[in-house]
file model37.txt (compact mmCIF, C-alpha atoms)
# COMPACT_ATOMS: atom_id res chain seq x y z
CA MET M 1 101.47 102.99 97.24
CA ASN M 2 100.26 102.36 93.68
CA ILE M 3 102.91 101.37 91.12
CA LEU M 4 102.10 101.60 87.42
CA THR M 5 103.78 99.11 85.08
CA PHE M 6 103.29 97.73 81.57
CA ASP M 7 104.64 94.58 79.96
CA ILE M 8 105.48 95.59 76.39
CA GLU M 9 104.72 92.63 74.16
CA ASP M 10 102.30 92.17 71.27
CA TRP M 11 98.85 90.55 71.24
CA TYR M 12 100.16 87.12 70.23
CA HIS M 13 102.72 86.86 73.04
CA LEU M 14 100.61 84.47 75.08
CA LEU M 15 102.37 81.76 77.06
CA ASP M 16 101.82 78.01 76.75
CA VAL M 17 100.36 78.31 73.24
CA LYS M 18 101.93 76.11 70.57
CA ALA M 19 101.20 78.49 67.68
CA THR M 20 103.07 81.39 69.31
CA LYS M 21 105.79 79.67 71.30
CA ASP M 22 108.92 80.62 69.37
CA GLU M 23 110.37 83.73 67.76
CA GLN M 24 110.10 82.29 64.26
CA ASP M 25 106.32 82.08 64.71
CA TRP M 26 105.88 85.72 65.69
CA GLU M 27 106.78 87.36 62.39
CA SER M 28 103.72 85.83 60.71
CA PHE M 29 101.27 87.75 62.92
CA GLU M 30 99.83 91.22 62.45
CA VAL M 31 101.80 93.95 64.25
CA ARG M 32 99.55 95.89 66.66
CA ILE M 33 102.01 96.92 69.35
CA HIS M 34 102.75 100.41 68.01
CA LYS M 35 99.25 101.85 68.09
CA ASN M 36 98.37 100.08 71.33
CA THR M 37 101.48 101.35 73.11
CA ASP M 38 101.07 104.84 71.63
CA ARG M 39 97.56 104.98 73.08
CA ILE M 40 98.95 104.24 76.53
CA LEU M 41 101.77 106.76 76.16
CA ASP M 42 99.39 109.50 74.99
CA LEU M 43 97.16 108.99 78.02
CA LEU M 44 100.05 108.90 80.51
CA ILE M 45 101.55 112.06 79.05
CA ALA M 46 98.17 113.83 79.06
CA GLN M 47 97.60 112.90 82.72
CA LYS M 48 101.25 113.49 83.68
CA LYS M 49 101.68 109.99 85.11
CA LYS M 50 104.92 108.07 85.49
CA ALA M 51 105.21 104.34 84.77
CA THR M 52 107.74 101.57 84.27
CA PHE M 53 107.71 99.70 80.95
CA PHE M 54 108.97 96.10 81.02
CA CYS M 55 110.04 95.60 77.40
CA LEU M 56 110.80 92.36 75.63
CA GLY M 57 114.27 92.42 74.16
CA TRP M 58 112.80 90.91 70.99
CA VAL M 59 110.42 93.85 70.70
CA ALA M 60 113.33 96.24 71.20
CA LYS M 61 115.27 94.49 68.42
CA GLN M 62 112.33 94.36 66.00
CA TYR M 63 110.90 97.80 66.75
CA PRO M 64 113.71 99.94 68.18
CA GLU M 65 111.80 103.15 67.47
CA LEU M 66 109.07 102.05 69.90
CA VAL M 67 111.41 101.47 72.84
CA LYS M 68 113.31 104.68 72.05
CA LYS M 69 110.00 106.56 72.11
CA ILE M 70 109.11 105.13 75.52
CA SER M 71 112.48 106.17 76.91
CA THR M 72 112.65 109.64 75.31
CA SER M 73 109.12 110.31 76.55
CA GLY M 74 110.56 110.14 80.06
CA PHE M 75 109.50 106.66 81.10
CA GLU M 76 111.56 104.00 82.85
CA VAL M 77 112.46 101.01 80.65
CA ALA M 78 113.07 97.62 82.29
CA SER M 79 113.61 94.08 80.99
CA HIS M 80 110.85 91.53 80.45
CA SER M 81 113.35 88.94 79.11
CA TYR M 82 114.35 88.68 75.46
CA SER M 83 112.36 85.78 74.04
CA HIS M 84 109.33 85.66 76.39
CA GLN M 85 109.79 82.12 77.65
CA LEU M 86 108.67 80.84 81.03
CA ALA M 87 111.70 81.08 83.32
CA TYR M 88 111.15 77.65 84.88
CA THR M 89 111.45 76.02 81.42
CA LEU M 90 114.99 77.37 80.99
CA SER M 91 118.29 76.10 82.34
CA PRO M 92 120.47 78.55 84.30
CA ASP M 93 122.68 79.05 81.25
CA GLN M 94 119.68 79.67 78.98
CA PHE M 95 118.17 82.13 81.44
CA ARG M 96 121.51 83.95 81.83
CA SER M 97 121.96 84.24 78.07
CA ASP M 98 118.41 85.46 77.48
CA LEU M 99 118.68 88.02 80.28
CA LYS M 100 121.99 89.39 78.99
CA LYS M 101 120.63 89.64 75.45
CA SER M 102 117.59 91.60 76.63
CA ILE M 103 119.63 93.97 78.79
CA ASP M 104 122.20 94.62 76.07
CA THR M 105 119.53 95.27 73.43
CA ILE M 106 117.59 97.72 75.59
CA GLU M 107 120.65 99.55 76.91
CA GLN M 108 122.01 100.07 73.40
CA LEU M 109 118.74 101.77 72.44
CA THR M 110 118.10 103.89 75.51
CA GLY M 111 121.65 104.64 76.65
CA LYS M 112 120.49 103.89 80.19
CA LYS M 113 121.38 101.01 82.49
CA VAL M 114 118.72 98.34 82.97
CA THR M 115 118.36 97.47 86.67
CA ILE M 116 114.78 96.17 86.87
CA PHE M 117 113.37 92.84 85.66
CA ARG M 118 110.06 90.97 85.39
CA ALA M 119 109.82 87.38 84.20
CA PRO M 120 107.19 86.39 81.61
CA GLY M 121 104.17 84.95 83.37
CA PHE M 122 105.67 85.71 86.81
CA SER M 123 107.41 82.37 86.30
CA PHE M 124 109.74 82.35 89.30
CA THR M 125 108.95 79.46 91.63
CA ASN M 126 110.40 77.58 94.57
CA LYS M 127 112.16 75.32 92.06
CA ASN M 128 114.16 77.95 90.17
CA ILE M 129 115.33 80.34 92.88
CA TRP M 130 118.77 80.29 91.22
CA VAL M 131 117.33 83.03 88.98
CA PHE M 132 117.96 85.61 91.69
CA ASP M 133 121.71 84.96 91.73
CA ILE M 134 121.79 85.42 87.96
CA LEU M 135 119.77 88.64 88.17
CA ILE M 136 122.16 90.08 90.76
CA GLU M 137 125.21 89.04 88.76
CA ALA M 138 123.72 90.84 85.71
CA GLY M 139 123.28 94.10 87.62
CA ILE M 140 119.56 93.81 88.30
CA THR M 141 118.77 95.46 91.64
CA THR M 142 114.98 95.20 91.63
CA ASP M 143 112.71 92.35 90.56
CA SER M 144 108.95 92.18 90.08
CA SER M 145 108.47 88.54 89.12
CA ILE M 146 106.95 87.02 92.23
CA PHE M 147 103.31 86.06 92.33
CA PRO M 148 102.77 85.20 96.02
CA GLY M 149 100.49 82.20 95.53
CA SER M 150 99.71 79.35 93.16
CA ARG M 151 98.82 80.11 89.55
CA GLY M 152 98.80 78.52 86.11
CA HIS M 153 102.39 79.51 85.41
CA GLY M 154 103.79 78.54 88.79
CA GLY M 155 103.73 81.16 91.51
CA PHE M 156 105.53 81.29 94.84
CA SER M 157 103.01 79.50 97.04
CA GLY M 158 105.36 79.58 100.04
CA LEU M 159 105.59 83.37 100.05
CA THR M 160 102.64 85.34 101.33
CA ASN M 161 104.09 88.85 101.09
CA ASN M 162 101.63 91.41 99.79
CA SER M 163 104.19 94.17 100.11
CA PRO M 164 107.81 94.85 99.09
CA PHE M 165 110.55 92.70 100.60
CA GLN M 166 114.16 91.75 99.98
CA ILE M 167 115.67 88.48 98.80
CA LYS M 168 119.10 87.45 100.07
CA THR M 169 121.19 85.07 97.99
CA ALA M 170 124.79 83.91 97.91
CA SER M 171 125.43 86.64 95.32
CA GLY M 172 123.90 89.50 97.29
CA THR M 173 120.51 91.06 97.96
CA ILE M 174 117.79 92.10 95.55
CA LYS M 175 114.67 94.19 96.13
CA GLU M 176 111.38 92.46 95.33
CA LEU M 177 108.15 94.22 94.35
CA PRO M 178 105.64 91.35 94.14
CA ILE M 179 102.20 91.27 92.63
CA ASN M 180 99.56 92.03 95.26
CA LEU M 181 96.66 89.67 95.94
CA THR M 182 93.32 90.17 97.63
CA LYS M 183 90.63 87.71 98.74
CA ILE M 184 87.18 87.73 97.19
CA LEU M 185 84.82 84.93 98.25
CA ASN M 186 87.83 83.10 99.69
CA LEU M 187 89.60 83.25 96.33
CA SER M 188 92.96 85.02 96.12
CA ILE M 189 93.03 87.18 93.02
CA ALA M 190 95.34 89.71 91.39
CA PHE M 191 92.93 92.50 90.47
CA SER M 192 95.49 95.11 89.46
CA GLY M 193 96.01 93.94 85.89
CA GLY M 194 95.25 91.30 83.31
CA GLY M 195 92.04 89.27 83.30
CA TYR M 196 90.61 90.23 86.70
CA PHE M 197 90.99 93.94 85.96
CA ARG M 198 88.92 93.42 82.82
CA LEU M 199 86.44 91.11 84.54
CA LEU M 200 85.62 93.07 87.69
CA PRO M 201 83.17 96.01 87.65
CA TYR M 202 84.69 99.44 88.09
CA SER M 203 82.92 100.04 91.40
CA LEU M 204 84.67 96.98 92.88
CA LEU M 205 88.01 97.93 91.36
CA ARG M 206 87.74 101.41 92.89
CA TYR M 207 86.95 99.88 96.29
CA LEU M 208 89.93 97.51 96.07
CA PHE M 209 92.30 100.28 94.98
CA ARG M 210 91.14 102.45 97.89
CA LYS M 211 91.58 99.81 100.57
CA THR M 212 94.84 98.20 99.37
CA PRO M 213 97.98 99.89 100.73
CA TYR M 214 100.37 98.41 98.16
CA ILE M 215 99.39 97.81 94.53
CA MET M 216 101.62 96.57 91.72
CA THR M 217 99.77 96.94 88.43
CA TYR M 218 100.69 94.87 85.38
CA PHE M 219 99.02 95.91 82.15
CA HIS M 220 99.78 94.93 78.56
CA PRO M 221 99.00 96.89 75.38
CA ARG M 222 96.70 94.04 74.32
CA ASP M 223 94.61 94.50 77.49
CA PHE M 224 93.02 97.55 75.85
CA ASP M 225 92.71 96.33 72.25
CA LYS M 226 89.12 95.24 71.62
CA ASP M 227 89.78 94.60 67.91
CA GLN M 228 92.74 92.24 68.25
CA PRO M 229 92.55 88.84 66.54
CA VAL M 230 92.15 85.64 68.54
CA VAL M 231 95.37 83.69 68.97
CA PRO M 232 94.92 80.32 67.22
CA GLY M 233 94.71 77.14 69.25
CA LEU M 234 93.44 78.64 72.50
CA PRO M 235 91.15 76.45 74.64
CA ILE M 236 87.85 77.99 75.72
CA HIS M 237 89.00 78.99 79.21
CA ARG M 238 92.07 80.77 77.78
CA LYS M 239 89.90 82.63 75.26
CA PHE M 240 87.69 83.86 78.08
CA LYS M 241 90.65 84.86 80.23
CA SER M 242 92.44 86.67 77.39
CA TYR M 243 89.55 88.43 75.63
CA PHE M 244 86.69 89.02 78.08
CA GLY M 245 86.11 92.66 78.96
CA LEU M 246 88.31 94.22 76.27
CA LYS M 247 85.51 96.51 75.10
CA HIS M 248 85.49 98.58 78.29
CA SER M 249 88.97 97.98 79.70
CA PHE M 250 90.58 101.18 78.46
CA ASN M 251 87.73 103.23 79.88
CA LYS M 252 88.28 101.55 83.26
CA PHE M 253 91.97 102.26 83.00
CA GLU M 254 91.39 105.94 82.24
CA HIS M 255 89.17 106.27 85.31
CA ILE M 256 91.61 104.46 87.60
CA LEU M 257 94.45 106.60 86.31
CA SER M 258 92.59 109.86 86.90
CA GLU M 259 91.25 108.85 90.31
CA PHE M 260 94.44 107.53 91.96
CA GLU M 261 98.07 108.53 92.31
CA PHE M 262 100.70 106.25 90.77
CA ASN M 263 104.49 105.90 90.96
CA ASP M 264 106.95 104.27 88.63
CA ILE M 265 109.30 101.72 90.18
CA GLU M 266 112.17 104.18 90.60
CA ALA M 267 109.99 106.52 92.67
CA ALA M 268 108.51 103.63 94.64
CA ILE M 269 111.96 102.30 95.57
CA SER M 270 112.99 105.70 96.90
CA ARG M 271 109.92 105.88 99.15
CA ILE M 272 110.21 102.43 100.73
CA ASP M 273 112.10 102.02 104.00
CA TRP M 274 114.15 99.00 102.95
CA HIS M 275 115.67 98.64 106.43
CA ASN M 276 112.25 97.65 107.78
CA VAL M 277 110.95 95.17 105.21
CA ASN M 278 111.00 91.38 105.42
CA VAL M 279 114.07 89.57 104.13
CA HIS M 280 113.79 86.09 102.58
CA ASP M 281 117.09 84.24 102.73
CA PHE M 282 117.66 81.97 99.73
CA SER M 283 121.42 81.92 100.16
CA THR M 284 121.49 78.34 101.44
CA SER M 285 118.65 76.98 99.28
CA THR M 286 119.24 74.63 96.38
call {"tool": "encode", "arguments": {"input": "model37.txt", "output": "structure tokens"}}
result
Amino acid sequence: MNILTFDIEDWYHLLDVKATKDEQDWESFEVRIHKNTDRILDLLIAQKKKATFFCLGWVAKQYPELVKKISTSGFEVASHSYSHQLAYTLSPDQFRSDLKKSIDTIEQLTGKKVTIFRAPGFSFTNKNIWVFDILIEAGITTDSSIFPGSRGHGGFSGLTNNSPFQIKTASGTIKELPINLTKILNLSIAFSGGGYFRLLPYSLLRYLFRKTPYIMTYFHPRDFDKDQPVVPGLPIHRKFKSYFGLKHSFNKFEHILSEFEFNDIEAAISRIDWHNVNVHDFSTST
């Protein structure tokens, strides 16, 4: 099962960068999200592919016509938070407020209920599992925030699921569609989006897509924008991670899209036998 998703944020929405940390900083940067998202939409429509778009509430507020276009084009719109902050840096009250603001903003534009969420930077960890209770209380039924391993922005190192599972909390149960990892030279990598998708040659990507039974992709409009500016203040390793491979990334994406079948999250949920997946019980965790 291949699931196609996009995180709708602009080129400067990088995490852990002082120059782009807060909303007041964002309005000073060039706006590139319209043409980059339109390029994705045009390709999906031409190839008749479905996808789920995780939209920032801030983007929906600033550019309502963009989110309306995604929705009226027949694509599923989900929440990617409002202010694009790492979830583990927020208190429960801050996370709850940000989530509600994002859901309300998106629902007012699309007229459709938001039931799917993805945290910026996959920033759910063992230390902030209270987020799942808040998601359930807000009407979120499906999450895609878990990175099943260690990473720069946290990760759930105790969870090794490379397939859908359920999370049980004191507030109820939520479906989880995690990022999938694979091992290359004993290194666990997420090849289905971001830096590794741009870094790896297409022949290897095709091989990995063919042999992996469950794939959760996670692309951003900036992943295909070879002319985007460089975010100020980035260290060398972040520049490499964020900008390497942009020249050929859209071509890779076009080939992957034409060669493989993809579902949006709604279709994927309907095809999974949820009675026979693993259940992780966080109901008694603190």
call {"tool": "closest_residue", "arguments": {"input": "model37.txt", "among": "M:Val17, M:Ile167, M:Ser123, M:Gly194", "to": "Arg151 of chain M", "atoms": "only C-alpha atoms"}}
result
M:Ser123
call {"tool": "closest_residue", "arguments": {"input": "model37.txt", "among": "M:Ile103, M:Met1, M:Ile45, M:Leu187", "to": "Gly149 of chain M", "atoms": "only C-alpha atoms"}}
result
M:Leu187
call {"tool": "atom_distance", "arguments": {"input": "model37.txt", "atom1": "atom CA of His84 of chain M", "atom2": "atom CA of Phe122 of chain M"}}
result
11.0 Å
call {"tool": "residues_around", "arguments": {"input": "model37.txt", "residues": "Ala268 of chain M", "least_positions_apart": "6", "cutoff": "10 Å", "atoms": "all atoms listed in the file", "output": "list in words"}}
result
Met1, Asn2, Ile3, Leu4, Pro164, Leu177 and Phe262 of chain M
call {"tool": "residues_around", "arguments": {"input": "model37.txt", "residues": "Ile70 of chain M", "least_positions_apart": "4", "cutoff": "12 Å", "atoms": "only C-alpha atoms", "output": "NGL selection string"}}
result
:M and (6 or 8 or 34 or 37-42 or 44-45 or 50-55 or 60 or 63-66 or 74-78 or 106 or 109-110)
call {"tool": "closest_atom_pairs", "arguments": {"input": "model37.txt", "of": "segment 201-231 of chain M", "to": "segment 242-259 of chain M", "cutoff": "9 Å", "atoms": "all atoms listed in the file", "output": "JSON lines"}}
result
{"residue": "M:Pro201", "atom": "CA", "partner": "M:Lys252", "partner_atom": "CA", "distance": 8.7}
{"residue": "M:Tyr202", "atom": "CA", "partner": "M:Lys252", "partner_atom": "CA", "distance": 6.4}
{"residue": "M:Leu205", "atom": "CA", "partner": "M:Ile256", "partner_atom": "CA", "distance": 8.4}
{"residue": "M:Arg206", "atom": "CA", "partner": "M:Ile256", "partner_atom": "CA", "distance": 7.2}
{"residue": "M:Phe209", "atom": "CA", "partner": "M:Ile256", "partner_atom": "CA", "distance": 8.5}
{"residue": "M:Arg222", "atom": "CA", "partner": "M:Leu246", "partner_atom": "CA", "distance": 8.6}
{"residue": "M:Asp223", "atom": "CA", "partner": "M:Leu246", "partner_atom": "CA", "distance": 6.4}
{"residue": "M:Phe224", "atom": "CA", "partner": "M:Phe250", "partner_atom": "CA", "distance": 5.1}
{"residue": "M:Asp225", "atom": "CA", "partner": "M:Leu246", "partner_atom": "CA", "distance": 6.3}
{"residue": "M:Lys226", "atom": "CA", "partner": "M:Leu246", "partner_atom": "CA", "distance": 4.8}
{"residue": "M:Asp227", "atom": "CA", "partner": "M:Leu246", "partner_atom": "CA", "distance": 8.5}
{"residue": "M:Gln228", "atom": "CA", "partner": "M:Tyr243", "partner_atom": "CA", "distance": 8.9}
{"residue": "M:Val230", "atom": "CA", "partner": "M:Tyr243", "partner_atom": "CA", "distance": 8.1}
call {"tool": "write_last_selection", "arguments": {"input": "model37.txt", "atoms": "C-alpha atoms", "output": "short mmCIF file (atom, residue, chain, number, x, y, z; two decimals), keeping the file's coordinate frame"}}
result
data_model
loop_
_atom_site.label_atom_id
_atom_site.label_comp_id
_atom_site.auth_asym_id
_atom_site.auth_seq_id
_atom_site.Cartn_x
_atom_site.Cartn_y
_atom_site.Cartn_z
CA PRO M 201 83.17 96.01 87.65
CA TYR M 202 84.69 99.44 88.09
CA LEU M 205 88.01 97.93 91.36
CA ARG M 206 87.74 101.41 92.89
CA PHE M 209 92.30 100.28 94.98
CA ARG M 222 96.70 94.04 74.32
CA ASP M 223 94.61 94.50 77.49
CA PHE M 224 93.02 97.55 75.85
CA ASP M 225 92.71 96.33 72.25
CA LYS M 226 89.12 95.24 71.62
CA ASP M 227 89.78 94.60 67.91
CA GLN M 228 92.74 92.24 68.25
CA VAL M 230 92.15 85.64 68.54
#
call {"tool": "closest_residue", "arguments": {"input": "model37.txt", "among": "M:Ser81, M:Thr141, M:Thr89, M:Thr105", "to": "Ala119 of chain M", "atoms": "only C-alpha atoms"}}
result
M:Ser81
call {"tool": "residues_around", "arguments": {"input": "model37.txt", "residues": "segment 127-134 of chain M", "least_positions_apart": "5", "cutoff": "9 Å", "atoms": "all atoms listed in the file", "output": "PyMOL selection string"}}
result
chain M and resi 87-88+92+95-96+99+139-140+143+167-174+282-283+285-286
call {"tool": "write_last_selection", "arguments": {"input": "model37.txt", "atoms": "C-alpha atoms", "output": "tab-separated table (two decimals), in the frame of the given file"}}
result
chain	number	residue	atom	x	y	z
M	87	ALA	CA	111.70	81.08	83.32
M	88	TYR	CA	111.15	77.65	84.88
M	92	PRO	CA	120.47	78.55	84.30
M	95	PHE	CA	118.17	82.13	81.44
M	96	ARG	CA	121.51	83.95	81.83
M	99	LEU	CA	118.68	88.02	80.28
M	139	GLY	CA	123.28	94.10	87.62
M	140	ILE	CA	119.56	93.81	88.30
M	143	ASP	CA	112.71	92.35	90.56
M	167	ILE	CA	115.67	88.48	98.80
M	168	LYS	CA	119.10	87.45	100.07
M	169	THR	CA	121.19	85.07	97.99
M	170	ALA	CA	124.79	83.91	97.91
M	171	SER	CA	125.43	86.64	95.32
M	172	GLY	CA	123.90	89.50	97.29
M	173	THR	CA	120.51	91.06	97.96
M	174	ILE	CA	117.79	92.10	95.55
M	282	PHE	CA	117.66	81.97	99.73
M	283	SER	CA	121.42	81.92	100.16
M	285	SER	CA	118.65	76.98	99.28
M	286	THR	CA	119.24	74.63	96.38
call {"tool": "residues_around", "arguments": {"input": "model37.txt", "residues": "Ser188 of chain M", "least_positions_apart": "2", "cutoff": "12 Å", "atoms": "all atoms listed in the file", "output": "JSON, numbers by chain"}}
result
{"M": [147, 148, 149, 150, 151, 157, 160, 162, 179, 180, 181, 182, 183, 184, 185, 186, 190, 191, 196]}
call {"tool": "closest_residue", "arguments": {"input": "model37.txt", "among": "M:Thr284, M:Gln47, M:Ser203, M:Thr5", "to": "Ile215 of chain M", "atoms": "only C-alpha atoms"}}
result
M:Thr5
call {"tool": "atom_distance", "arguments": {"input": "model37.txt", "atom1": "atom CA of Glu266 of chain M", "atom2": "atom CA of Thr115 of chain M"}}
result
9.9 Å
call {"tool": "closest_residue", "arguments": {"input": "model37.txt", "among": "M:Gln62, M:Ser270, M:Ser73, M:Asn36", "to": "Glu23 of chain M", "atoms": "only C-alpha atoms"}}
result
M:Gln62
call {"tool": "residues_near_point", "arguments": {"input": "model37.txt", "point": "(128.4, 88.7, 81.3)", "cutoff": "9 Å", "atoms": "all atoms listed in the file", "output": "number ranges by chain"}}
result
M: 96-97, 100, 137-138
call {"tool": "build_atoms", "arguments": {"input": "model37.txt", "residues": "segment 102-117 of chain M", "atoms": "N, CA and C atoms", "output": "PDB file, keeping the file's coordinate frame"}}
result
ATOM      1  N   SER M 102     118.640  90.574  76.463  1.00  0.00           N
ATOM      2  CA  SER M 102     117.590  91.600  76.630  1.00  0.00           C
ATOM      3  C   SER M 102     118.181  92.892  77.183  1.00  0.00           C
ATOM      4  N   ILE M 103     119.021  92.787  78.189  1.00  0.00           N
ATOM      5  CA  ILE M 103     119.630  93.970  78.790  1.00  0.00           C
ATOM      6  C   ILE M 103     120.484  94.718  77.765  1.00  0.00           C
ATOM      7  N   ASP M 104     121.322  93.981  77.053  1.00  0.00           N
ATOM      8  CA  ASP M 104     122.200  94.620  76.070  1.00  0.00           C
ATOM      9  C   ASP M 104     121.395  95.331  74.983  1.00  0.00           C
ATOM     10  N   THR M 105     120.339  94.686  74.509  1.00  0.00           N
ATOM     11  CA  THR M 105     119.530  95.270  73.430  1.00  0.00           C
ATOM     12  C   THR M 105     118.863  96.556  73.891  1.00  0.00           C
ATOM     13  N   ILE M 106     118.293  96.536  75.077  1.00  0.00           N
ATOM     14  CA  ILE M 106     117.590  97.720  75.590  1.00  0.00           C
ATOM     15  C   ILE M 106     118.569  98.846  75.907  1.00  0.00           C
ATOM     16  N   GLU M 107     119.683  98.513  76.543  1.00  0.00           N
ATOM     17  CA  GLU M 107     120.650  99.550  76.910  1.00  0.00           C
ATOM     18  C   GLU M 107     121.254 100.239  75.682  1.00  0.00           C
ATOM     19  N   GLN M 108     121.468  99.486  74.618  1.00  0.00           N
ATOM     20  CA  GLN M 108     122.010 100.070  73.400  1.00  0.00           C
ATOM     21  C   GLN M 108     121.039 101.093  72.793  1.00  0.00           C
ATOM     22  N   LEU M 109     119.742 100.864  72.988  1.00  0.00           N
ATOM     23  CA  LEU M 109     118.740 101.770  72.440  1.00  0.00           C
ATOM     24  C   LEU M 109     118.513 103.002  73.307  1.00  0.00           C
ATOM     25  N   THR M 110     118.466 102.800  74.610  1.00  0.00           N
ATOM     26  CA  THR M 110     118.100 103.890  75.510  1.00  0.00           C
ATOM     27  C   THR M 110     119.299 104.651  76.046  1.00  0.00           C
ATOM     28  N   GLY M 111     120.482 104.014  76.051  1.00  0.00           N
ATOM     29  CA  GLY M 111     121.650 104.640  76.650  1.00  0.00           C
ATOM     30  C   GLY M 111     121.586 104.689  78.160  1.00  0.00           C
ATOM     31  N   LYS M 112     120.672 103.899  78.739  1.00  0.00           N
ATOM     32  CA  LYS M 112     120.490 103.890  80.190  1.00  0.00           C
ATOM     33  C   LYS M 112     120.634 102.461  80.703  1.00  0.00           C
ATOM     34  N   LYS M 113     121.164 102.324  81.918  1.00  0.00           N
ATOM     35  CA  LYS M 113     121.380 101.010  82.490  1.00  0.00           C
ATOM     36  C   LYS M 113     120.048 100.375  82.881  1.00  0.00           C
ATOM     37  N   VAL M 114     119.906  99.108  82.580  1.00  0.00           N
ATOM     38  CA  VAL M 114     118.720  98.340  82.970  1.00  0.00           C
ATOM     39  C   VAL M 114     118.980  97.693  84.316  1.00  0.00           C
ATOM     40  N   THR M 115     118.165  98.010  85.309  1.00  0.00           N
ATOM     41  CA  THR M 115     118.360  97.470  86.670  1.00  0.00           C
ATOM     42  C   THR M 115     117.110  96.796  87.221  1.00  0.00           C
ATOM     43  N   ILE M 116     116.054  96.704  86.402  1.00  0.00           N
ATOM     44  CA  ILE M 116     114.780  96.170  86.870  1.00  0.00           C
ATOM     45  C   ILE M 116     114.322  95.068  85.917  1.00  0.00           C
ATOM     46  N   PHE M 117     113.754  94.005  86.468  1.00  0.00           N
ATOM     47  CA  PHE M 117     113.370  92.840  85.660  1.00  0.00           C
ATOM     48  C   PHE M 117     112.005  92.304  86.091  1.00  0.00           C
TER      49      PHE M 117
END
